[in-house]
Amino acid sequence: MAKPKILVTGACGQIGTILVKNLRELYGEDNVIASDIRTTGTYDGPYEQLDVTDSNKLFYLISKYQIDQIYHLAAILSAKGEANPVFTWNINMNGLLNILEAARNYDLDKVFYPSTIAVFGQLTPRVNTPQHPNITPETVYGISKAAGENWCQYYHKRYNVDVRSVRYPGIISWETLPGGGTTDYAVDIYLKAVAEGKYTCYLDKDTRLPMMYMPDAIKATLEIMNAPKENIKVRTSYNIGAMDFTPAEIAAEISKTIPNFRIDYQPDFRQAIAASWPESVNDDAARIDWGWTPKYDLKMMTDDILKNLRK
Ligand code: SER
């Protein structure tokens, strides 16, 4: 079978950068077009500047490269989104609608849409959060992603668009930096631990959140996209879990390798956001439907990150 031609939006972001690398290894550099709002990408292979609210440019790129699949990662995250709610809604919502319209009009094979634990809110059970609970998001990011999940289901049912989605927890990486999320502390903490031996955390020490190491996030993304179509039974978005921990617990794990590591706590506005999110999610549906299993727990991830950062 011919290799698919893939467009990735938000390709300069924390996940996009690593996802493009993996997709290019699988499908070849020239078959994966990286795109981002940034005018200069750091990519050697094909790169296009793309504002996802610009449907003309999006449609032009799809024709130009004969695109079959889109991984639509461009979005503004939870903490940053609160600074400008209407702007965030526009990027997150109209960006997605342009992608879904493109999928319908150009008869694309598949679309990937990342959702998030931010779709949940105060009315959602916070421990082992079910697949289909009450969804009452409290950030504009969460509101846009919850609406986005429903648009995905709508385009699937009404136009047979094969759009697939997972609700990422906080994604932890050491090669690439997140931008503007509430879970970003779990990346910063490793960088500061290695560079300075100390970290000031903007969440309280007991704030438990679901988290995932980048290799597992990539694994989930590729696995749901490569699963047989009939296995994808949830057409809003799948819960996917890997680990959950508090700032105090991740600090304790780091201290096993860096004994003098010190953490202190100065909670800011992000504490209220985190407090509205689950502590852990139930991902049975993803496990049953397309075989999801994570590989990394907190200890394995910490060992891997610290080994790489200290190199
Ligand atoms: N990592 C995201 C955020 O904190 C959650 O999906 O905004």
# chains A, B, ... in the order shown; residues from 1 in each chain; ligands from 1
call {"tool": "residues_near_ligand", "arguments": {"ligand": "ligand 1", "cutoff": "7 Å", "atoms": "only C-alpha atoms and all ligand atoms", "output": "list in words"}}
result
Leu77, Ser78, Ala79, Thr116, Ile117, Ala118, Tyr168, Pro169, Gly170, Ile171, Gly180, Gly181, Thr182, Thr183 and Asp184 of chain A
call {"tool": "write_last_selection", "arguments": {"atoms": "N, CA, C and O atoms", "output": "PDB file, in the first residue's frame"}}
result
ATOM      1  N   LEU A  77      -3.454  26.260  24.994  1.00  0.00           N
ATOM      2  CA  LEU A  77      -3.702  25.404  26.166  1.00  0.00           C
ATOM      3  C   LEU A  77      -4.394  26.148  27.316  1.00  0.00           C
ATOM      4  O   LEU A  77      -4.724  27.329  27.204  1.00  0.00           O
ATOM      5  N   SER A  78      -4.561  25.424  28.421  1.00  0.00           N
ATOM      6  CA  SER A  78      -5.457  25.880  29.498  1.00  0.00           C
ATOM      7  C   SER A  78      -5.045  27.188  30.162  1.00  0.00           C
ATOM      8  O   SER A  78      -5.869  28.097  30.307  1.00  0.00           O
ATOM      9  N   ALA A  79      -3.788  27.279  30.597  1.00  0.00           N
ATOM     10  CA  ALA A  79      -3.388  28.462  31.371  1.00  0.00           C
ATOM     11  C   ALA A  79      -3.294  29.689  30.464  1.00  0.00           C
ATOM     12  O   ALA A  79      -3.844  30.750  30.750  1.00  0.00           O
ATOM     13  N   THR A 116      -8.510  16.383  25.849  1.00  0.00           N
ATOM     14  CA  THR A 116      -7.757  16.637  27.083  1.00  0.00           C
ATOM     15  C   THR A 116      -8.577  16.345  28.339  1.00  0.00           C
ATOM     16  O   THR A 116      -9.817  16.401  28.298  1.00  0.00           O
ATOM     17  N   ILE A 117      -7.881  16.123  29.444  1.00  0.00           N
ATOM     18  CA  ILE A 117      -8.557  16.029  30.745  1.00  0.00           C
ATOM     19  C   ILE A 117      -9.215  17.354  31.130  1.00  0.00           C
ATOM     20  O   ILE A 117     -10.038  17.383  32.049  1.00  0.00           O
ATOM     21  N   ALA A 118      -8.886  18.436  30.437  1.00  0.00           N
ATOM     22  CA  ALA A 118      -9.488  19.749  30.741  1.00  0.00           C
ATOM     23  C   ALA A 118     -10.961  19.820  30.353  1.00  0.00           C
ATOM     24  O   ALA A 118     -11.635  20.792  30.683  1.00  0.00           O
ATOM     25  N   TYR A 168      -5.705  13.548  26.099  1.00  0.00           N
ATOM     26  CA  TYR A 168      -4.380  13.493  26.724  1.00  0.00           C
ATOM     27  C   TYR A 168      -4.451  13.995  28.168  1.00  0.00           C
ATOM     28  O   TYR A 168      -5.089  15.008  28.442  1.00  0.00           O
ATOM     29  N   PRO A 169      -3.736  13.304  29.068  1.00  0.00           N
ATOM     30  CA  PRO A 169      -3.481  13.898  30.388  1.00  0.00           C
ATOM     31  C   PRO A 169      -2.308  14.883  30.252  1.00  0.00           C
ATOM     32  O   PRO A 169      -1.972  15.257  29.121  1.00  0.00           O
ATOM     33  N   GLY A 170      -1.711  15.328  31.330  1.00  0.00           N
ATOM     34  CA  GLY A 170      -0.504  16.157  31.224  1.00  0.00           C
ATOM     35  C   GLY A 170       0.592  15.354  30.553  1.00  0.00           C
ATOM     36  O   GLY A 170       0.842  14.214  30.941  1.00  0.00           O
ATOM     37  N   ILE A 171       1.225  15.930  29.528  1.00  0.00           N
ATOM     38  CA  ILE A 171       2.256  15.194  28.779  1.00  0.00           C
ATOM     39  C   ILE A 171       3.633  15.700  29.200  1.00  0.00           C
ATOM     40  O   ILE A 171       3.900  16.903  29.157  1.00  0.00           O
ATOM     41  N   GLY A 180       2.176  26.915  27.989  1.00  0.00           N
ATOM     42  CA  GLY A 180       0.947  27.505  28.481  1.00  0.00           C
ATOM     43  C   GLY A 180      -0.065  26.563  29.085  1.00  0.00           C
ATOM     44  O   GLY A 180      -1.239  26.902  29.208  1.00  0.00           O
ATOM     45  N   GLY A 181       0.348  25.361  29.483  1.00  0.00           N
ATOM     46  CA  GLY A 181      -0.583  24.430  30.124  1.00  0.00           C
ATOM     47  C   GLY A 181      -0.509  24.525  31.643  1.00  0.00           C
ATOM     48  O   GLY A 181       0.388  25.179  32.201  1.00  0.00           O
ATOM     49  N   THR A 182      -1.450  23.843  32.307  1.00  0.00           N
ATOM     50  CA  THR A 182      -1.484  23.799  33.768  1.00  0.00           C
ATOM     51  C   THR A 182      -0.595  22.671  34.288  1.00  0.00           C
ATOM     52  O   THR A 182      -0.113  22.710  35.410  1.00  0.00           O
ATOM     53  N   THR A 183      -0.368  21.667  33.433  1.00  0.00           N
ATOM     54  CA  THR A 183       0.452  20.524  33.847  1.00  0.00           C
ATOM     55  C   THR A 183       1.945  20.721  33.537  1.00  0.00           C
ATOM     56  O   THR A 183       2.747  19.830  33.796  1.00  0.00           O
ATOM     57  N   ASP A 184       2.301  21.899  33.009  1.00  0.00           N
ATOM     58  CA  ASP A 184       3.694  22.137  32.584  1.00  0.00           C
ATOM     59  C   ASP A 184       4.712  21.987  33.730  1.00  0.00           C
ATOM     60  O   ASP A 184       5.893  21.761  33.485  1.00  0.00           O
TER      61      ASP A 184
END
call {"tool": "select_by_dssp", "arguments": {"residues": "region 121-242 of chain A", "states": "helix (DSSP H, G or I)", "output": "PyMOL selection string"}}
result
chain A and resi 140-159+185-196+214-226+229-231
call {"tool": "write_last_selection", "arguments": {"atoms": "N, CA and C atoms", "output": "CSV table (one decimal), in the first residue's frame"}}
result
chain,number,residue,atom,x,y,z
A,140,VAL,N,-11.5,28.1,29.1
A,140,VAL,CA,-12.0,28.2,27.7
A,140,VAL,C,-11.3,27.1,26.8
A,141,TYR,N,-10.1,26.7,27.2
A,141,TYR,CA,-9.5,25.5,26.5
A,141,TYR,C,-10.4,24.3,26.7
A,142,GLY,N,-10.8,24.0,27.9
A,142,GLY,CA,-11.6,22.8,28.1
A,142,GLY,C,-13.0,22.9,27.4
A,143,ILE,N,-13.6,24.1,27.4
A,143,ILE,CA,-14.8,24.4,26.7
A,143,ILE,C,-14.7,24.1,25.2
A,144,SER,N,-13.6,24.6,24.7
A,144,SER,CA,-13.4,24.4,23.2
A,144,SER,C,-13.1,23.0,22.9
A,145,LYS,N,-12.4,22.3,23.7
A,145,LYS,CA,-12.1,20.9,23.4
A,145,LYS,C,-13.3,20.0,23.6
A,146,ALA,N,-14.2,20.3,24.6
A,146,ALA,CA,-15.4,19.5,24.8
A,146,ALA,C,-16.3,19.7,23.6
A,147,ALA,N,-16.4,21.0,23.1
A,147,ALA,CA,-17.2,21.3,21.9
A,147,ALA,C,-16.6,20.6,20.7
A,148,GLY,N,-15.3,20.6,20.7
A,148,GLY,CA,-14.6,20.0,19.6
A,148,GLY,C,-14.8,18.5,19.5
A,149,GLU,N,-14.8,17.8,20.6
A,149,GLU,CA,-15.1,16.4,20.7
A,149,GLU,C,-16.5,16.1,20.0
A,150,ASN,N,-17.4,16.9,20.4
A,150,ASN,CA,-18.8,16.7,19.8
A,150,ASN,C,-18.9,17.0,18.4
A,151,TRP,N,-18.1,18.0,17.9
A,151,TRP,CA,-18.1,18.3,16.5
A,151,TRP,C,-17.4,17.1,15.7
A,152,CYS,N,-16.5,16.5,16.3
A,152,CYS,CA,-15.8,15.3,15.7
A,152,CYS,C,-16.9,14.2,15.5
A,153,GLN,N,-17.6,14.0,16.6
A,153,GLN,CA,-18.7,12.9,16.5
A,153,GLN,C,-19.7,13.3,15.5
A,154,TYR,N,-20.1,14.6,15.4
A,154,TYR,CA,-21.1,15.0,14.4
A,154,TYR,C,-20.6,14.8,13.0
A,155,TYR,N,-19.3,15.2,12.7
A,155,TYR,CA,-18.8,15.0,11.4
A,155,TYR,C,-18.7,13.5,11.0
A,156,HIS,N,-18.4,12.7,12.0
A,156,HIS,CA,-18.3,11.2,11.8
A,156,HIS,C,-19.7,10.7,11.4
A,157,LYS,N,-20.7,11.1,12.3
A,157,LYS,CA,-22.1,10.5,12.1
A,157,LYS,C,-22.7,11.1,10.8
A,158,ARG,N,-22.5,12.4,10.6
A,158,ARG,CA,-23.3,13.0,9.5
A,158,ARG,C,-22.6,12.8,8.2
A,159,TYR,N,-21.2,12.9,8.1
A,159,TYR,CA,-20.5,12.9,6.9
A,159,TYR,C,-19.5,11.8,6.8
A,185,TYR,N,4.3,22.1,35.0
A,185,TYR,CA,5.2,22.1,36.1
A,185,TYR,C,6.0,20.7,36.1
A,186,ALA,N,5.3,19.7,35.6
A,186,ALA,CA,5.9,18.3,35.7
A,186,ALA,C,7.0,18.2,34.6
A,187,VAL,N,7.1,19.2,33.7
A,187,VAL,CA,8.3,19.2,32.8
A,187,VAL,C,9.3,20.1,33.4
A,188,ASP,N,8.9,21.3,33.8
A,188,ASP,CA,9.9,22.3,34.4
A,188,ASP,C,10.6,21.7,35.6
A,189,ILE,N,9.9,20.9,36.4
A,189,ILE,CA,10.5,20.4,37.6
A,189,ILE,C,11.8,19.6,37.4
A,190,TYR,N,11.8,18.8,36.3
A,190,TYR,CA,13.0,18.0,35.9
A,190,TYR,C,14.1,18.9,35.5
A,191,LEU,N,13.8,19.9,34.6
A,191,LEU,CA,14.8,20.8,34.1
A,191,LEU,C,15.5,21.6,35.2
A,192,LYS,N,14.7,22.1,36.1
A,192,LYS,CA,15.2,22.9,37.2
A,192,LYS,C,16.0,22.0,38.2
A,193,ALA,N,15.5,20.8,38.4
A,193,ALA,CA,16.2,19.9,39.3
A,193,ALA,C,17.6,19.7,38.9
A,194,VAL,N,17.7,19.5,37.6
A,194,VAL,CA,19.1,19.2,37.0
A,194,VAL,C,19.9,20.4,37.0
A,195,ALA,N,19.3,21.6,36.5
A,195,ALA,CA,20.1,22.8,36.4
A,195,ALA,C,20.4,23.5,37.7
A,196,GLU,N,19.4,23.5,38.6
A,196,GLU,CA,19.6,24.4,39.8
A,196,GLU,C,19.4,23.6,41.1
A,214,MET,N,6.0,11.3,27.3
A,214,MET,CA,5.8,11.5,25.8
A,214,MET,C,5.8,10.2,25.0
A,215,PRO,N,6.7,9.2,25.2
A,215,PRO,CA,6.7,8.0,24.4
A,215,PRO,C,5.3,7.3,24.4
A,216,ASP,N,4.7,7.4,25.6
A,216,ASP,CA,3.3,6.8,25.6
A,216,ASP,C,2.3,7.6,24.9
A,217,ALA,N,2.4,8.9,24.9
A,217,ALA,CA,1.5,9.8,24.2
A,217,ALA,C,1.6,9.5,22.7
A,218,ILE,N,2.8,9.4,22.2
A,218,ILE,CA,3.0,9.1,20.8
A,218,ILE,C,2.5,7.7,20.5
A,219,LYS,N,2.7,6.7,21.4
A,219,LYS,CA,2.2,5.4,21.1
A,219,LYS,C,0.7,5.4,21.0
A,220,ALA,N,0.0,6.1,21.9
A,220,ALA,CA,-1.4,6.1,21.9
A,220,ALA,C,-1.9,6.8,20.6
A,221,THR,N,-1.3,7.8,20.2
A,221,THR,CA,-1.7,8.6,19.0
A,221,THR,C,-1.5,7.7,17.8
A,222,LEU,N,-0.4,7.0,17.6
A,222,LEU,CA,-0.2,6.1,16.5
A,222,LEU,C,-1.1,4.9,16.5
A,223,GLU,N,-1.3,4.4,17.7
A,223,GLU,CA,-2.2,3.2,17.8
A,223,GLU,C,-3.6,3.4,17.5
A,224,ILE,N,-4.2,4.5,18.0
A,224,ILE,CA,-5.6,4.8,17.7
A,224,ILE,C,-5.7,5.1,16.2
A,225,MET,N,-4.7,5.8,15.6
A,225,MET,CA,-4.8,6.1,14.2
A,225,MET,C,-4.7,4.8,13.3
A,226,ASN,N,-3.9,3.8,13.8
A,226,ASN,CA,-3.7,2.6,13.0
A,226,ASN,C,-4.7,1.5,13.3
A,229,LYS,N,-11.0,0.6,11.6
A,229,LYS,CA,-12.0,1.6,11.8
A,229,LYS,C,-13.1,1.2,12.7
A,230,GLU,N,-13.5,-0.1,12.5
A,230,GLU,CA,-14.7,-0.6,13.3
A,230,GLU,C,-14.4,-0.7,14.8
A,231,ASN,N,-13.1,-0.7,15.1
A,231,ASN,CA,-12.7,-0.7,16.6
A,231,ASN,C,-12.9,0.6,17.3
call {"tool": "residues_around", "arguments": {"residues": "Thr207 (chain A)", "least_positions_apart": "4", "cutoff": "8 Å", "atoms": "only C-alpha atoms", "output": "VMD selection string"}}
result
chain A and resid 203 245 to 247 274 to 275
call {"tool": "select_by_dssp", "arguments": {"residues": "region 3-198 of chain A", "states": "strand (DSSP E)", "output": "CSV table (one decimal) with C-alpha atoms, in the first residue's frame"}}
result
chain,number,residue,atom,x,y,z
A,6,ILE,CA,0.2,13.5,6.2
A,7,LEU,CA,-0.2,17.1,7.3
A,8,VAL,CA,0.6,18.0,11.0
A,9,THR,CA,-0.7,21.3,12.4
A,32,VAL,CA,4.9,14.2,6.4
A,33,ILE,CA,4.3,18.0,6.0
A,34,ALA,CA,5.0,19.9,9.2
A,35,SER,CA,3.0,23.1,9.6
A,36,ASP,CA,2.8,25.7,12.3
A,47,TYR,CA,7.5,22.7,6.4
A,48,GLU,CA,4.7,25.3,5.7
A,49,GLN,CA,3.6,28.3,7.7
A,69,GLN,CA,-4.4,12.4,6.8
A,70,ILE,CA,-4.2,15.3,9.2
A,71,TYR,CA,-3.0,15.4,12.8
A,72,HIS,CA,-4.5,18.6,14.1
A,110,LYS,CA,-8.4,10.1,8.6
A,111,VAL,CA,-8.0,12.9,11.1
A,112,PHE,CA,-6.5,12.9,14.6
A,113,TYR,CA,-7.8,15.4,17.1
A,114,PRO,CA,-6.3,15.7,20.6
A,115,SER,CA,-8.7,16.3,23.4
A,116,THR,CA,-7.8,16.6,27.1
A,163,VAL,CA,-11.8,11.5,13.0
A,164,ARG,CA,-10.2,9.9,16.0
A,165,SER,CA,-9.4,11.4,19.4
A,166,VAL,CA,-7.9,10.8,22.8
A,167,ARG,CA,-8.0,12.9,25.9
A,168,TYR,CA,-4.4,13.5,26.7
A,170,GLY,CA,-0.5,16.2,31.2
A,171,ILE,CA,2.3,15.2,28.8
A,172,ILE,CA,5.8,15.1,30.1
A,198,LYS,CA,15.5,23.4,43.3
call {"tool": "residues_around", "arguments": {"residues": "region 295-310 of chain A", "least_positions_apart": "5", "cutoff": "7 Å", "atoms": "only C-alpha atoms", "output": "ChimeraX atom specification"}}
result
/A:174,213,216,242-243,253-254
